[in-house]
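Undergrad: My structure is stored as protein00.tsv, with TSV, C-alpha atoms and all ligand atoms.
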chain	number	residue	atom	x	y	z
H	11	MET	CA	0.00	0.00	0.00
H	12	SER	CA	1.30	3.41	-0.88
H	13	PHE	CA	0.30	6.92	0.03
H	14	ALA	CA	-1.32	9.00	-2.68
H	15	LEU	CA	1.25	11.73	-3.09
H	16	ASP	CA	0.21	15.11	-4.43
H	17	LEU	CA	2.69	15.21	-7.31
H	18	CYS	CA	2.88	17.43	-10.39
H	19	SER	CA	1.01	16.12	-13.46
H	20	CYS	CA	3.33	17.61	-16.09
H	21	LYS	CA	5.76	15.40	-17.96
H	22	ARG	CA	9.47	16.01	-18.08
H	23	GLY	CA	11.45	15.18	-21.19
H	24	PHE	CA	11.64	15.96	-24.87
H	25	PHE	CA	12.65	12.75	-26.66
H	26	THR	CA	11.21	10.55	-23.89
H	27	LEU	CA	8.58	11.50	-21.32
H	28	ARG	CA	8.52	10.76	-17.60
H	29	ASP	CA	6.67	12.02	-14.53
H	30	CYS	CA	7.69	15.24	-12.84
H	31	ALA	CA	8.84	14.33	-9.33
H	32	ASN	CA	7.99	17.72	-7.78
H	33	SER	CA	5.17	18.21	-5.29
H	34	ALA	CA	2.15	20.06	-6.62
H	35	VAL	CA	1.52	23.55	-5.27
H	36	THR	CA	-1.55	24.58	-7.26
H	37	SER	CA	-3.96	23.52	-10.00
H	38	CYS	CA	-3.94	24.57	-13.66
H	39	SER	CA	-6.86	26.88	-14.45
H	40	ALA	CA	-7.32	25.20	-17.85
H	41	CYS	CA	-6.85	21.45	-17.34
H	42	SER	CA	-7.41	21.38	-13.53
H	43	ARG	CA	-4.48	19.02	-13.02
H	44	ARG	CA	-2.22	19.48	-9.97
H	45	ILE	CA	0.99	21.33	-10.95
H	46	CYS	CA	4.35	22.13	-9.31
H	47	ALA	CA	5.97	25.56	-8.99
H	48	GLU	CA	8.28	24.93	-11.97
H	49	HIS	CA	5.47	23.93	-14.33
H	50	ILE	CA	2.91	26.62	-13.50
H	51	THR	CA	3.04	29.97	-15.33
H	52	GLN	CA	2.18	33.44	-14.09
H	53	ALA	CA	-1.07	33.22	-16.06
H	54	GLY	CA	-2.20	30.31	-13.85
H	55	LEU	CA	-1.95	27.73	-16.63
H	56	CYS	CA	0.43	24.79	-16.64
H	57	VAL	CA	3.28	24.95	-19.16
H	58	GLU	CA	1.72	22.13	-21.19
H	59	CYS	CA	-1.57	24.01	-21.61
H	60	VAL	CA	0.35	27.18	-22.50
H	61	ALA	CA	2.35	25.28	-25.11
H	62	LYS	CA	-0.84	23.83	-26.62
H	63	ARG	CA	-2.56	27.18	-26.84
H	64	SER	CA	-0.14	29.59	-28.38
H	65	GLU	CA	2.84	29.80	-30.65
H	66	ASP	CA	4.03	33.11	-29.24
H	67	ALA	CA	6.45	33.20	-26.36
H	68	ALA	CA	5.11	34.77	-23.18
H	69	LEU	CA	6.97	37.71	-21.70
H	70	ASP	CA	7.86	35.70	-18.61
H	71	GLU	CA	9.23	32.78	-20.63
H	72	THR	CA	11.59	30.57	-18.63
H	73	SER	CA	13.84	27.85	-20.00
H	74	THR	CA	11.17	25.32	-18.95
H	75	THR	CA	8.33	27.02	-20.87
H	76	TYR	CA	10.65	27.45	-23.87
H	77	ALA	CA	11.52	23.74	-23.81
H	78	ILE	CA	7.89	22.61	-23.48
H	79	ARG	CA	6.79	24.97	-26.25
H	80	SER	CA	9.57	23.58	-28.51
H	81	ARG	CA	8.50	20.04	-27.59
H	82	GLN	CA	4.86	20.69	-28.48
H	83	ARG	CA	5.88	22.24	-31.79
H	84	TRP	CA	8.27	19.38	-32.59
H	85	TYR	CA	5.67	16.66	-31.92
H	86	GLY	CA	3.22	18.54	-34.14
H	87	SER	CA	5.56	19.16	-37.06
H	88	SER	CA	7.90	16.18	-37.17
H	89	ASN	CA	5.82	13.01	-36.69
H	90	TYR	CA	8.08	12.16	-33.77
H	91	SER	CA	6.51	9.85	-31.17
H	92	PRO	CA	8.22	10.22	-27.80
H	93	VAL	CA	8.96	7.16	-25.69
H	94	TRP	CA	6.61	7.01	-22.70
H	95	TRP	CA	8.13	6.27	-19.28
H	96	GLY	CA	5.43	7.91	-17.17
H	97	THR	CA	2.08	7.39	-15.50
H	98	SER	CA	-0.72	7.32	-18.05
H	99	ASP	CA	-2.83	10.49	-18.31
H	100	PRO	CA	-5.84	11.11	-20.61
H	101	TYR	CA	-4.40	14.60	-21.13
H	102	TRP	CA	-1.91	12.94	-23.50
H	103	ASN	CA	-4.48	10.94	-25.50
H	104	ASP	CA	-3.96	13.01	-28.62
H	105	THR	CA	-0.19	12.44	-28.61
H	106	ASP	CA	1.15	9.45	-30.48
H	107	TYR	CA	3.68	8.22	-27.91
H	108	ARG	CA	5.44	4.86	-27.87
H	109	TRP	CA	5.34	2.38	-25.00
H	110	TYR	CA	5.79	-1.34	-24.48
H	111	GLU	CA	2.57	-3.21	-25.21
H	112	GLY	CA	3.65	-6.72	-24.26
H	113	ASN	CA	3.34	-8.36	-20.85
H	114	ASP	CA	5.03	-6.32	-18.23
H	115	ASP	CA	7.71	-8.04	-16.18
H	116	ASP	CA	9.03	-5.16	-14.19
H	117	ASP	CA	6.66	-2.99	-12.27
H	118	GLY	CA	4.19	-5.62	-11.12
H	119	GLY	CA	1.33	-4.63	-13.38
H	120	GLY	CA	2.60	-1.44	-14.87
H	121	PHE	CA	1.09	1.93	-14.45
H	122	GLY	CA	-0.10	1.88	-10.88
H	123	ASP	CA	1.54	3.60	-7.97
H	124	SER	CA	4.98	2.15	-7.53
F	8	MET	CA	28.37	59.65	-26.30
F	9	ALA	CA	28.85	56.58	-24.10
F	10	ASN	CA	29.76	53.41	-25.92
F	11	ARG	CA	26.83	51.16	-25.01
F	12	VAL	CA	28.41	48.01	-26.41
F	13	LYS	CA	31.53	48.59	-24.31
F	14	GLN	CA	29.35	49.18	-21.25
F	15	ALA	CA	27.51	45.93	-21.90
F	16	PHE	CA	30.83	44.12	-22.27
F	17	ASN	CA	32.15	45.60	-19.03
F	18	ALA	CA	29.00	44.42	-17.24
F	19	LEU	CA	29.97	40.78	-18.01
F	20	SER	CA	31.90	38.77	-15.41
F	21	PRO	CA	35.64	38.22	-16.02
F	22	GLU	CA	34.88	34.60	-17.02
F	23	GLN	CA	32.24	35.76	-19.52
F	24	GLN	CA	34.58	38.43	-20.93
F	25	ASP	CA	37.25	35.76	-21.41
F	26	ILE	CA	34.77	33.64	-23.40
F	27	VAL	CA	33.86	36.59	-25.65
F	28	ARG	CA	37.57	37.32	-26.26
F	29	ALA	CA	38.74	33.73	-26.73
F	30	ARG	CA	35.58	32.52	-28.53
F	31	ARG	CA	36.09	29.10	-27.03
F	32	PHE	CA	35.32	27.28	-23.79
F	33	SER	CA	34.67	23.83	-22.45
F	34	GLY	CA	33.71	22.09	-19.25
F	35	ALA	CA	31.18	19.97	-17.39
F	36	ARG	CA	28.33	21.78	-15.63
F	37	SER	CA	24.60	21.46	-15.10
F	38	PRO	CA	22.39	22.98	-17.85
F	39	ASP	CA	21.28	25.69	-15.39
F	40	GLU	CA	24.88	26.59	-14.63
F	41	TRP	CA	25.65	26.76	-18.38
F	42	LEU	CA	22.60	28.97	-18.95
F	43	ALA	CA	23.63	31.30	-16.13
F	44	LEU	CA	27.11	31.60	-17.63
F	45	LEU	CA	26.14	31.90	-21.30
F	46	SER	CA	22.80	33.78	-21.38
F	47	PRO	CA	24.37	37.16	-20.49
F	48	ILE	CA	26.88	36.59	-23.31
F	49	ALA	CA	23.97	35.97	-25.70
F	50	ASP	CA	22.28	39.18	-24.53
F	51	TYR	CA	25.53	41.10	-25.04
F	52	ASP	CA	25.92	39.54	-28.51
F	53	ARG	CA	22.37	40.49	-29.50
F	54	GLN	CA	23.09	44.10	-28.55
F	55	ALA	CA	26.45	44.08	-30.36
F	56	ASP	CA	24.84	42.58	-33.49
F	57	GLU	CA	22.15	45.28	-33.52
F	58	THR	CA	24.79	47.97	-33.16
F	59	ARG	CA	26.91	46.48	-35.92
F	60	ALA	CA	23.87	46.42	-38.20
F	61	GLY	CA	23.81	50.19	-38.03
F	62	GLY	CA	22.36	51.16	-34.67
F	63	GLY	CA	25.19	53.03	-33.01
F	64	GLY	CA	27.96	55.46	-33.72
F	65	PHE	CA	31.32	54.72	-35.35
F	66	PHE	CA	33.18	53.72	-32.17
F	67	GLU	CA	30.31	51.57	-30.96
F	68	ARG	CA	30.20	49.76	-34.31
F	69	ARG	CA	33.97	49.26	-34.31
F	70	TYR	CA	33.89	47.93	-30.74
F	71	ALA	CA	30.99	45.61	-31.62
F	72	ARG	CA	32.89	44.26	-34.63
F	73	LYS	CA	36.03	43.57	-32.63
F	74	ASN	CA	34.18	41.84	-29.79
F	75	ASP	CA	31.66	39.80	-31.74
F	76	VAL	CA	30.48	36.39	-30.60
F	77	PRO	CA	29.80	34.10	-33.59
F	78	ASN	CA	26.08	33.33	-33.85
F	79	GLY	CA	26.45	29.58	-33.31
F	80	LEU	CA	26.36	30.28	-29.59
F	81	ARG	CA	23.21	32.42	-29.58
F	82	THR	CA	21.17	30.59	-32.22
F	83	PHE	CA	22.27	26.98	-31.73
F	84	ALA	CA	24.20	26.06	-28.58
F	85	ILE	CA	22.22	28.10	-26.02
F	86	PRO	CA	18.67	27.22	-27.26
F	87	LEU	CA	19.76	23.59	-27.16
F	88	LEU	CA	20.47	23.65	-23.40
F	89	PRO	CA	16.86	23.82	-22.09
F	90	ILE	CA	15.90	21.02	-24.50
F	91	LEU	CA	18.68	18.69	-23.35
F	92	ARG	CA	17.94	19.60	-19.74
F	93	GLU	CA	14.46	18.07	-20.11
F	94	ASP	CA	15.82	14.57	-20.73
F	95	MET	CA	18.98	14.71	-18.65
F	96	GLU	CA	19.43	12.57	-15.59
F	97	PRO	CA	19.09	14.87	-12.56
F	98	GLY	CA	22.55	15.84	-11.35
F	99	ALA	CA	24.34	14.53	-14.44
F	100	PRO	CA	26.83	16.99	-15.96
F	101	LEU	CA	26.51	18.37	-19.45
F	102	GLU	CA	29.93	18.29	-21.08
F	103	LEU	CA	30.42	21.00	-23.68
F	104	TRP	CA	33.30	21.78	-26.03
F	105	VAL	CA	32.66	24.96	-27.96
F	106	ASP	CA	35.10	26.54	-30.40
F	107	LEU	CA	33.80	29.57	-32.29
F	108	THR	CA	37.16	30.78	-33.60
F	109	GLY	CA	36.02	29.83	-37.11
F	110	PRO	CA	37.15	27.22	-39.62
F	111	LEU	CA	39.73	29.24	-41.54
F	112	VAL	CA	42.66	28.94	-39.15
F	113	SER	CA	45.82	27.04	-39.97
F	114	THR	CA	45.45	24.54	-37.12
F	115	LYS	CA	42.15	23.35	-38.65
F	116	ALA	CA	43.56	22.81	-42.17
F	117	VAL	CA	43.59	19.08	-42.83
F	118	ARG	CA	45.01	18.99	-46.37
F	119	HIS	CA	45.55	21.02	-49.50
F	120	SER	CA	45.69	20.14	-53.18
F	121	GLU	CA	48.75	20.42	-55.39
F	122	PRO	CA	48.55	23.67	-57.42
F	123	TYR	CA	46.63	23.08	-60.64
F	124	LYS	CA	45.50	25.11	-63.66
F	125	LYS	CA	41.85	25.77	-64.47
F	126	GLY	CA	40.57	27.91	-67.37
F	127	ALA	CA	42.11	31.38	-67.23
F	128	TYR	CA	43.63	30.67	-63.80
F	129	ARG	CA	47.29	29.71	-63.93
F	130	LYS	CA	47.33	28.61	-60.30
F	131	VAL	CA	44.53	27.13	-58.19
F	132	VAL	CA	45.00	25.59	-54.72
F	133	ASP	CA	42.23	24.00	-52.63
F	134	THR	CA	42.66	23.90	-48.86
F	135	PHE	CA	40.33	21.78	-46.76
F	136	TYR	CA	39.44	22.70	-43.17
F	137	ASP	CA	37.63	20.66	-40.51
F	138	ASP	CA	36.10	22.66	-37.68
F	139	ALA	CA	34.35	20.71	-34.91
F	140	TRP	CA	32.82	23.76	-33.27
F	141	LEU	CA	30.33	22.08	-30.96
F	142	GLN	CA	30.71	18.79	-29.15
F	143	VAL	CA	28.36	17.63	-26.42
F	144	ARG	CA	28.18	14.62	-24.14
F	145	THR	CA	25.68	13.82	-21.41
F	146	ARG	CA	23.53	11.15	-19.74
F	147	PHE	CA	19.74	10.99	-19.96
F	148	ALA	CA	17.23	9.91	-17.29
F	149	ASP	CA	16.53	6.67	-19.20
F	150	GLY	CA	20.20	5.68	-18.88
F	151	ALA	CA	21.06	6.64	-22.45
F	152	GLN	CA	24.41	8.28	-23.22
F	153	LEU	CA	24.10	11.05	-25.78
F	154	GLN	CA	27.05	12.38	-27.69
F	155	PHE	CA	27.11	14.58	-30.74
F	156	ALA	CA	29.33	16.82	-32.81
F	157	VAL	CA	28.70	19.64	-35.26
F	158	ILE	CA	31.58	19.88	-37.73
F	159	ASP	CA	32.03	22.48	-40.46
F	160	HIS	CA	33.96	21.30	-43.52
F	161	VAL	CA	35.24	24.20	-45.59
F	162	ARG	CA	36.92	24.04	-48.98
F	163	SER	CA	38.83	27.25	-49.55
F	164	THR	CA	39.86	27.75	-53.20
F	165	PHE	CA	42.66	30.18	-53.94
F	166	LYS	CA	42.84	31.30	-57.61
F	167	GLU	CA	45.42	33.40	-59.41
F	168	LYS	CA	45.36	34.73	-63.00
F	169	LYS	CA	46.99	37.35	-65.19
F	170	ASN	CA	44.64	39.71	-66.95
F	171	PRO	CA	45.34	40.80	-70.59
F	172	ARG	CA	47.32	43.84	-69.35
F	173	GLY	CA	49.64	41.57	-67.39
F	174	LYS	CA	48.27	42.45	-63.95
F	175	ILE	CA	48.02	39.57	-61.43
F	176	LYS	CA	44.57	39.00	-59.91
F	177	ARG	CA	44.00	36.76	-56.89
F	178	LYS	CA	40.85	35.64	-55.17
F	179	THR	CA	39.70	33.11	-52.60
F	180	LYS	CA	36.30	31.42	-52.53
F	181	ASN	CA	35.00	29.38	-49.59
F	182	LYS	CA	32.36	26.67	-49.58
F	183	LYS	CA	31.00	25.11	-46.42
F	184	LYS	CA	29.16	21.95	-45.48
F	185	THR	CA	28.05	21.19	-41.94
F	186	GLU	CA	28.20	17.62	-40.73
F	187	MET	CA	26.29	16.46	-37.67
F	188	THR	CA	26.81	13.11	-36.01
F	189	VAL	CA	24.76	11.83	-33.09
F	190	THR	CA	25.57	8.76	-31.03
F	191	LEU	CA	22.90	7.49	-28.66
F	192	THR	CA	23.83	4.50	-26.50
F	193	VAL	CA	20.73	3.02	-24.84
F	194	PRO	CA	20.57	0.27	-22.17
F	195	ASN	CA	19.15	-3.05	-23.43
F	196	ARG	CA	17.27	-3.26	-20.12
F	197	LEU	CA	14.87	-0.65	-21.54
F	198	TYR	CA	15.31	-0.67	-25.33
F	199	ALA	CA	15.73	-3.00	-28.30
F	200	PRO	CA	16.38	-2.24	-31.99
F	201	ALA	CA	13.21	-1.25	-33.85
F	202	THR	CA	12.00	-0.68	-37.40
F	203	GLY	CA	9.86	2.06	-38.88
F	204	SER	CA	12.20	4.96	-38.24
F	205	ARG	CA	12.60	8.01	-40.46
F	206	PRO	CA	15.28	7.65	-43.14
F	207	LEU	CA	18.53	9.50	-42.39
F	208	PRO	CA	21.62	9.93	-44.59
F	209	LYS	CA	23.92	8.04	-42.23
F	210	GLN	CA	22.91	5.33	-39.77
F	211	LYS	CA	24.49	2.48	-37.89
F	212	LEU	CA	23.21	0.19	-35.16
F	213	LYS	CA	25.71	-1.66	-33.00
F	214	PRO	CA	24.21	-4.02	-30.41
F	215	SER	CA	26.34	-5.34	-27.56
F	216	ASP	CA	25.74	-7.18	-24.29
F	217	LYS	CA	24.27	-4.38	-22.25
F	218	HIS	CA	23.81	-1.53	-24.69
F	219	THR	CA	22.71	-0.69	-28.20
F	220	LYS	CA	24.71	2.02	-29.87
F	221	VAL	CA	22.83	4.05	-32.47
F	222	THR	CA	24.85	6.38	-34.69
F	223	VAL	CA	23.07	8.70	-37.10
F	224	GLY	CA	24.25	11.68	-39.07
F	225	GLY	CA	23.93	13.92	-42.05
F	226	THR	CA	25.54	16.81	-43.90
F	227	LEU	CA	23.97	20.14	-44.82
F	228	VAL	CA	25.25	22.52	-47.50
F	229	ALA	CA	25.59	26.02	-46.06
F	230	LYS	CA	24.61	29.09	-48.06
F	231	GLN	CA	27.40	31.20	-46.57
F	232	VAL	CA	30.55	30.38	-44.67
F	233	ASP	CA	29.20	31.95	-41.48
F	234	ALA	CA	25.78	30.27	-41.72
F	235	VAL	CA	24.67	28.29	-38.67
F	236	PRO	CA	22.45	25.22	-39.17
F	237	GLN	CA	18.91	25.15	-37.80
F	238	LEU	CA	18.64	23.60	-34.35
F	239	GLU	CA	15.82	21.44	-35.76
F	240	SER	CA	18.35	19.48	-37.84
F	241	LEU	CA	20.06	18.27	-34.69
F	242	ILE	CA	16.72	17.58	-32.94
F	243	GLU	CA	15.70	15.55	-35.99
F	244	LEU	CA	18.86	13.43	-35.73
F	245	ILE	CA	18.36	12.73	-32.01
F	246	SER	CA	14.70	11.89	-32.74
F	247	GLY	CA	15.84	9.59	-35.55
F	248	ALA	CA	18.23	7.86	-33.17
F	249	TYR	CA	15.42	7.25	-30.65
F	250	GLU	CA	13.20	5.92	-33.44
F	251	ARG	CA	15.75	3.20	-34.12
F	252	VAL	CA	14.97	1.63	-30.75
F	253	ALA	CA	11.72	0.76	-28.96
F	254	PRO	CA	10.90	0.26	-25.28
F	255	VAL	CA	10.97	-3.38	-24.11
F	256	ARG	CA	9.22	-2.89	-20.80
F	257	ARG	CA	6.76	-0.71	-19.00
F	258	LYS	CA	8.39	1.32	-16.33
F	259	LYS	CA	8.20	4.63	-14.55
F	260	LEU	CA	11.55	6.36	-14.61
H	301	ZN	ZN	-2.93	22.65	-17.74
H	302	ZN	ZN	6.27	19.74	-12.38
Any chance you could put this one into structure tokens?
TA:
Amino acid sequence: MSFALDLCSCKRGFFTLRDCANSAVTSCSACSRRICAEHITQAGLCVECVAKRSEDAALDETSTTYAIRSRQRWYGSSNYSPVWWGTSDPYWNDTDYRWYEGNDDDDGGGFGDS
Amino acid sequence: MANRVKQAFNALSPEQQDIVRARRFSGARSPDEWLALLSPIADYDRQADETRAGGGGFFERRYARKNDVPNGLRTFAIPLLPILREDMEPGAPLELWVDLTGPLVSTKAVRHSEPYKKGAYRKVVDTFYDDAWLQVRTRFADGAQLQFAVIDHVRSTFKEKKNPRGKIKRKTKNKKKTEMTVTLTVPNRLYAPATGSRPLPKQKLKPSDKHTKVTVGGTLVAKQVDAVPQLESLIELISGAYERVAPVRRKKL
């Protein structure tokens, strides 16, 4: 049995995606997911929602928002499917990521709490 | 009038001023440490470039010309750092070797042709230069080792002819190609070779006991000698390397 930790819902990575290990501090005003201090923007949206919404850089752009914006643009323009090493999230349903579909032998059933 | 470019230069730390003067640096630091060191240099370079393009007075323009930072830093190396940071293993160093002194220096000449005649030219000599101006090595959170190099290959052609009045005319023409090579070494614990990847000019897959080494690369023809390739070309190569392997288990990293 494990405690349900209040962790950030954003994914780290560019070529492969994994969970953000930071504790959540707030919720995104667009997707309502719990988000950490690094992945929330001044506008109250998570960096992933910001990247989905606009092409223009915000005035308060950090290296994290720049990277996530570049990632969103790259997935949209290049047909690249990132490798998925994270917890599943319906938020990512429209992204064509790659993950192992055979029987899992490692995490005792896969995408639960580990 | 105050020289704004000089003021901006003086506002840099001694280490940053040394990088602007030497146009080369290397080391192993975290991406955030690299960004803290290099971003002020990029800001200075942006200001100097604007001045050189006609913004300031004569002395400002001259100062900006003398203390220029080649654009490979501002348009390629620095924007790459936040992207690599995303996939890097926390705490792993990012090793950088950057040399922006340019390809046309004698130490980078690798060979030259024997003098030959061509058309009206009584003497032509080709000199070939190799300039590995950016080399990077780091470790990703999935256990992959990433290594890549951006290498400019320049052919510099010196031509000499006599015009009908007996006057000697000389000229030199430079042509550049940029080669990029990416090596991604992934652990077999997580990945196995896969099919269905995008075609790339150069590719090699070398499996071993514990790792699979994917090497991909390509060469771009540059329009001018000082042209810098698009960052997307490198991102495409790293993507292409990852497409040559597929995950073999479900796991949360
Ligand atoms: Zn959101
Ligand atoms: Zn986060």
Undergrad: Please identify every polymer residue within 10 Å of ligand ZN 302 (chain H), using only C-alpha atoms and all ligand atoms, and present the set as a list in words.
TA: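 The residues within 10 Å of ligand ZN 302 (chain H), counting only C-alpha atoms and all ligand atoms, are Leu17, Cys18, Ser19, Cys20, Lys21, Arg22, Asp29, Cys30, Ala31, Asn32, Ser33, Ala34, Val35, Arg44, Ile45, Cys46, Ala47, Glu48, His49, Ile50, Cys56, Val57 and Thr74 of chain H.
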Undergrad: Using only C-alpha atoms and all ligand atoms for the distances, tell me which of H:Asn89, H:Thr26, H:Ser42, H:Thr36 is nearest to ligand ZN 301 (chain H).
TA: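 So, comparing all the options, the nearest one is H:Ser42.
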Undergrad: What's the 7 Å shell around segment 151-161 of chain F, counting all atoms listed in the file, without same-chain residues fewer than 3 positions away, as a list in words?
TA: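 Surrounding residues, per the criterion: Pro110, Phe135, Tyr136, Asp137, Asp138, Ala139, Trp140, Leu141, Gln142, Val143, Arg144, Thr145, Arg146, Phe147, Asn181, Lys182, Lys183, Lys184, Thr185, Glu186, Met187, Thr188, Val189, Thr190, Leu191, Thr192, Val193 and Pro194 of chain F.
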Undergrad: Chain H near chain F within 12 Å: what's each residue's closest atom pair and its distance in Å to one decimal, counting only C-alpha atoms, ordered by chain then ascending residue number, as CSV?
TA:
residue,atom,partner,partner_atom,distance
H:Cys20,CA,F:Glu93,CA,11.8
H:Lys21,CA,F:Glu93,CA,9.4
H:Arg22,CA,F:Glu93,CA,5.8
H:Gly23,CA,F:Glu93,CA,4.3
H:Phe24,CA,F:Glu93,CA,5.9
H:Phe25,CA,F:Ser246,CA,6.5
H:Thr26,CA,F:Asp94,CA,6.9
H:Leu27,CA,F:Asp94,CA,7.9
H:Arg28,CA,F:Leu260,CA,6.1
H:Asp29,CA,F:Leu260,CA,7.5
H:Cys30,CA,F:Leu260,CA,9.8
H:Ala31,CA,F:Leu260,CA,9.9
H:Glu71,CA,F:Pro89,CA,11.9
H:Thr72,CA,F:Pro89,CA,9.2
H:Ser73,CA,F:Pro89,CA,5.5
H:Thr74,CA,F:Pro89,CA,6.7
H:Thr75,CA,F:Pro89,CA,9.2
H:Tyr76,CA,F:Pro89,CA,7.4
H:Ala77,CA,F:Ile90,CA,5.2
H:Ile78,CA,F:Ile90,CA,8.2
H:Arg79,CA,F:Ile90,CA,10.1
H:Ser80,CA,F:Ile90,CA,7.9
H:Arg81,CA,F:Ile90,CA,8.1
H:Gln82,CA,F:Ile90,CA,11.7
H:Arg83,CA,F:Glu239,CA,10.7
H:Trp84,CA,F:Glu239,CA,8.4
H:Tyr85,CA,F:Ser246,CA,10.2
H:Ser87,CA,F:Glu239,CA,10.6
H:Ser88,CA,F:Glu243,CA,7.9
H:Asn89,CA,F:Arg205,CA,9.2
H:Tyr90,CA,F:Ser246,CA,6.7
H:Ser91,CA,F:Glu250,CA,8.1
H:Pro92,CA,F:Tyr249,CA,8.3
H:Val93,CA,F:Pro254,CA,7.2
H:Trp94,CA,F:Pro254,CA,8.4
H:Trp95,CA,F:Lys259,CA,5.0
H:Gly96,CA,F:Lys259,CA,5.0
H:Thr97,CA,F:Lys259,CA,6.8
H:Ser98,CA,F:Lys259,CA,10.0
H:Tyr107,CA,F:Ala253,CA,11.0
H:Arg108,CA,F:Ala253,CA,7.6
H:Trp109,CA,F:Pro254,CA,6.0
H:Tyr110,CA,F:Arg256,CA,5.3
H:Glu111,CA,F:Arg257,CA,7.9
H:Gly112,CA,F:Arg256,CA,7.6
H:Asn113,CA,F:Arg256,CA,8.0
H:Asp114,CA,F:Arg257,CA,5.9
H:Asp115,CA,F:Arg256,CA,7.1
H:Asp116,CA,F:Lys258,CA,6.9
H:Asp117,CA,F:Lys258,CA,6.2
H:Gly118,CA,F:Arg257,CA,9.6
H:Gly119,CA,F:Arg257,CA,8.7
H:Gly120,CA,F:Arg257,CA,5.9
H:Phe121,CA,F:Lys258,CA,7.6
H:Gly122,CA,F:Lys259,CA,9.5
H:Asp123,CA,F:Lys259,CA,9.4
H:Ser124,CA,F:Lys259,CA,8.1
Undergrad: Okay, now the selection with C-alpha atoms, as an mmCIF file, in the frame of the given file?
TA:
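Done, and the output landed in out-v1.cif:
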data_model
loop_
_atom_site.group_PDB
_atom_site.id
_atom_site.type_symbol
_atom_site.label_atom_id
_atom_site.label_comp_id
_atom_site.auth_asym_id
_atom_site.auth_seq_id
_atom_site.Cartn_x
_atom_site.Cartn_y
_atom_site.Cartn_z
ATOM 1 C CA CYS H 20 3.330 17.610 -16.090
ATOM 2 C CA LYS H 21 5.760 15.400 -17.960
ATOM 3 C CA ARG H 22 9.470 16.010 -18.080
ATOM 4 C CA GLY H 23 11.450 15.180 -21.190
ATOM 5 C CA PHE H 24 11.640 15.960 -24.870
ATOM 6 C CA PHE H 25 12.650 12.750 -26.660
ATOM 7 C CA THR H 26 11.210 10.550 -23.890
ATOM 8 C CA LEU H 27 8.580 11.500 -21.320
ATOM 9 C CA ARG H 28 8.520 10.760 -17.600
ATOM 10 C CA ASP H 29 6.670 12.020 -14.530
ATOM 11 C CA CYS H 30 7.690 15.240 -12.840
ATOM 12 C CA ALA H 31 8.840 14.330 -9.330
ATOM 13 C CA GLU H 71 9.230 32.780 -20.630
ATOM 14 C CA THR H 72 11.590 30.570 -18.630
ATOM 15 C CA SER H 73 13.840 27.850 -20.000
ATOM 16 C CA THR H 74 11.170 25.320 -18.950
ATOM 17 C CA THR H 75 8.330 27.020 -20.870
ATOM 18 C CA TYR H 76 10.650 27.450 -23.870
ATOM 19 C CA ALA H 77 11.520 23.740 -23.810
ATOM 20 C CA ILE H 78 7.890 22.610 -23.480
ATOM 21 C CA ARG H 79 6.790 24.970 -26.250
ATOM 22 C CA SER H 80 9.570 23.580 -28.510
ATOM 23 C CA ARG H 81 8.500 20.040 -27.590
ATOM 24 C CA GLN H 82 4.860 20.690 -28.480
ATOM 25 C CA ARG H 83 5.880 22.240 -31.790
ATOM 26 C CA TRP H 84 8.270 19.380 -32.590
ATOM 27 C CA TYR H 85 5.670 16.660 -31.920
ATOM 28 C CA SER H 87 5.560 19.160 -37.060
ATOM 29 C CA SER H 88 7.900 16.180 -37.170
ATOM 30 C CA ASN H 89 5.820 13.010 -36.690
ATOM 31 C CA TYR H 90 8.080 12.160 -33.770
ATOM 32 C CA SER H 91 6.510 9.850 -31.170
ATOM 33 C CA PRO H 92 8.220 10.220 -27.800
ATOM 34 C CA VAL H 93 8.960 7.160 -25.690
ATOM 35 C CA TRP H 94 6.610 7.010 -22.700
ATOM 36 C CA TRP H 95 8.130 6.270 -19.280
ATOM 37 C CA GLY H 96 5.430 7.910 -17.170
ATOM 38 C CA THR H 97 2.080 7.390 -15.500
ATOM 39 C CA SER H 98 -0.720 7.320 -18.050
ATOM 40 C CA TYR H 107 3.680 8.220 -27.910
ATOM 41 C CA ARG H 108 5.440 4.860 -27.870
ATOM 42 C CA TRP H 109 5.340 2.380 -25.000
ATOM 43 C CA TYR H 110 5.790 -1.340 -24.480
ATOM 44 C CA GLU H 111 2.570 -3.210 -25.210
ATOM 45 C CA GLY H 112 3.650 -6.720 -24.260
ATOM 46 C CA ASN H 113 3.340 -8.360 -20.850
ATOM 47 C CA ASP H 114 5.030 -6.320 -18.230
ATOM 48 C CA ASP H 115 7.710 -8.040 -16.180
ATOM 49 C CA ASP H 116 9.030 -5.160 -14.190
ATOM 50 C CA ASP H 117 6.660 -2.990 -12.270
ATOM 51 C CA GLY H 118 4.190 -5.620 -11.120
ATOM 52 C CA GLY H 119 1.330 -4.630 -13.380
ATOM 53 C CA GLY H 120 2.600 -1.440 -14.870
ATOM 54 C CA PHE H 121 1.090 1.930 -14.450
ATOM 55 C CA GLY H 122 -0.100 1.880 -10.880
ATOM 56 C CA ASP H 123 1.540 3.600 -7.970
ATOM 57 C CA SER H 124 4.980 2.150 -7.530
#
Undergrad: Please identify all protein, DNA and RNA residues within 6 Å of ligand ZN 301 (chain H), counting only C-alpha atoms and all ligand atoms, and report them as a PDB file with C-alpha atoms, in the frame of the given file.
TA:
ATOM      1  CA  CYS H  38      -3.940  24.570 -13.660  1.00  0.00           C
ATOM      2  CA  ALA H  40      -7.320  25.200 -17.850  1.00  0.00           C
ATOM      3  CA  CYS H  41      -6.850  21.450 -17.340  1.00  0.00           C
ATOM      4  CA  LEU H  55      -1.950  27.730 -16.630  1.00  0.00           C
ATOM      5  CA  CYS H  56       0.430  24.790 -16.640  1.00  0.00           C
ATOM      6  CA  GLU H  58       1.720  22.130 -21.190  1.00  0.00           C
ATOM      7  CA  CYS H  59      -1.570  24.010 -21.610  1.00  0.00           C
TER       8      CYS H  59
END
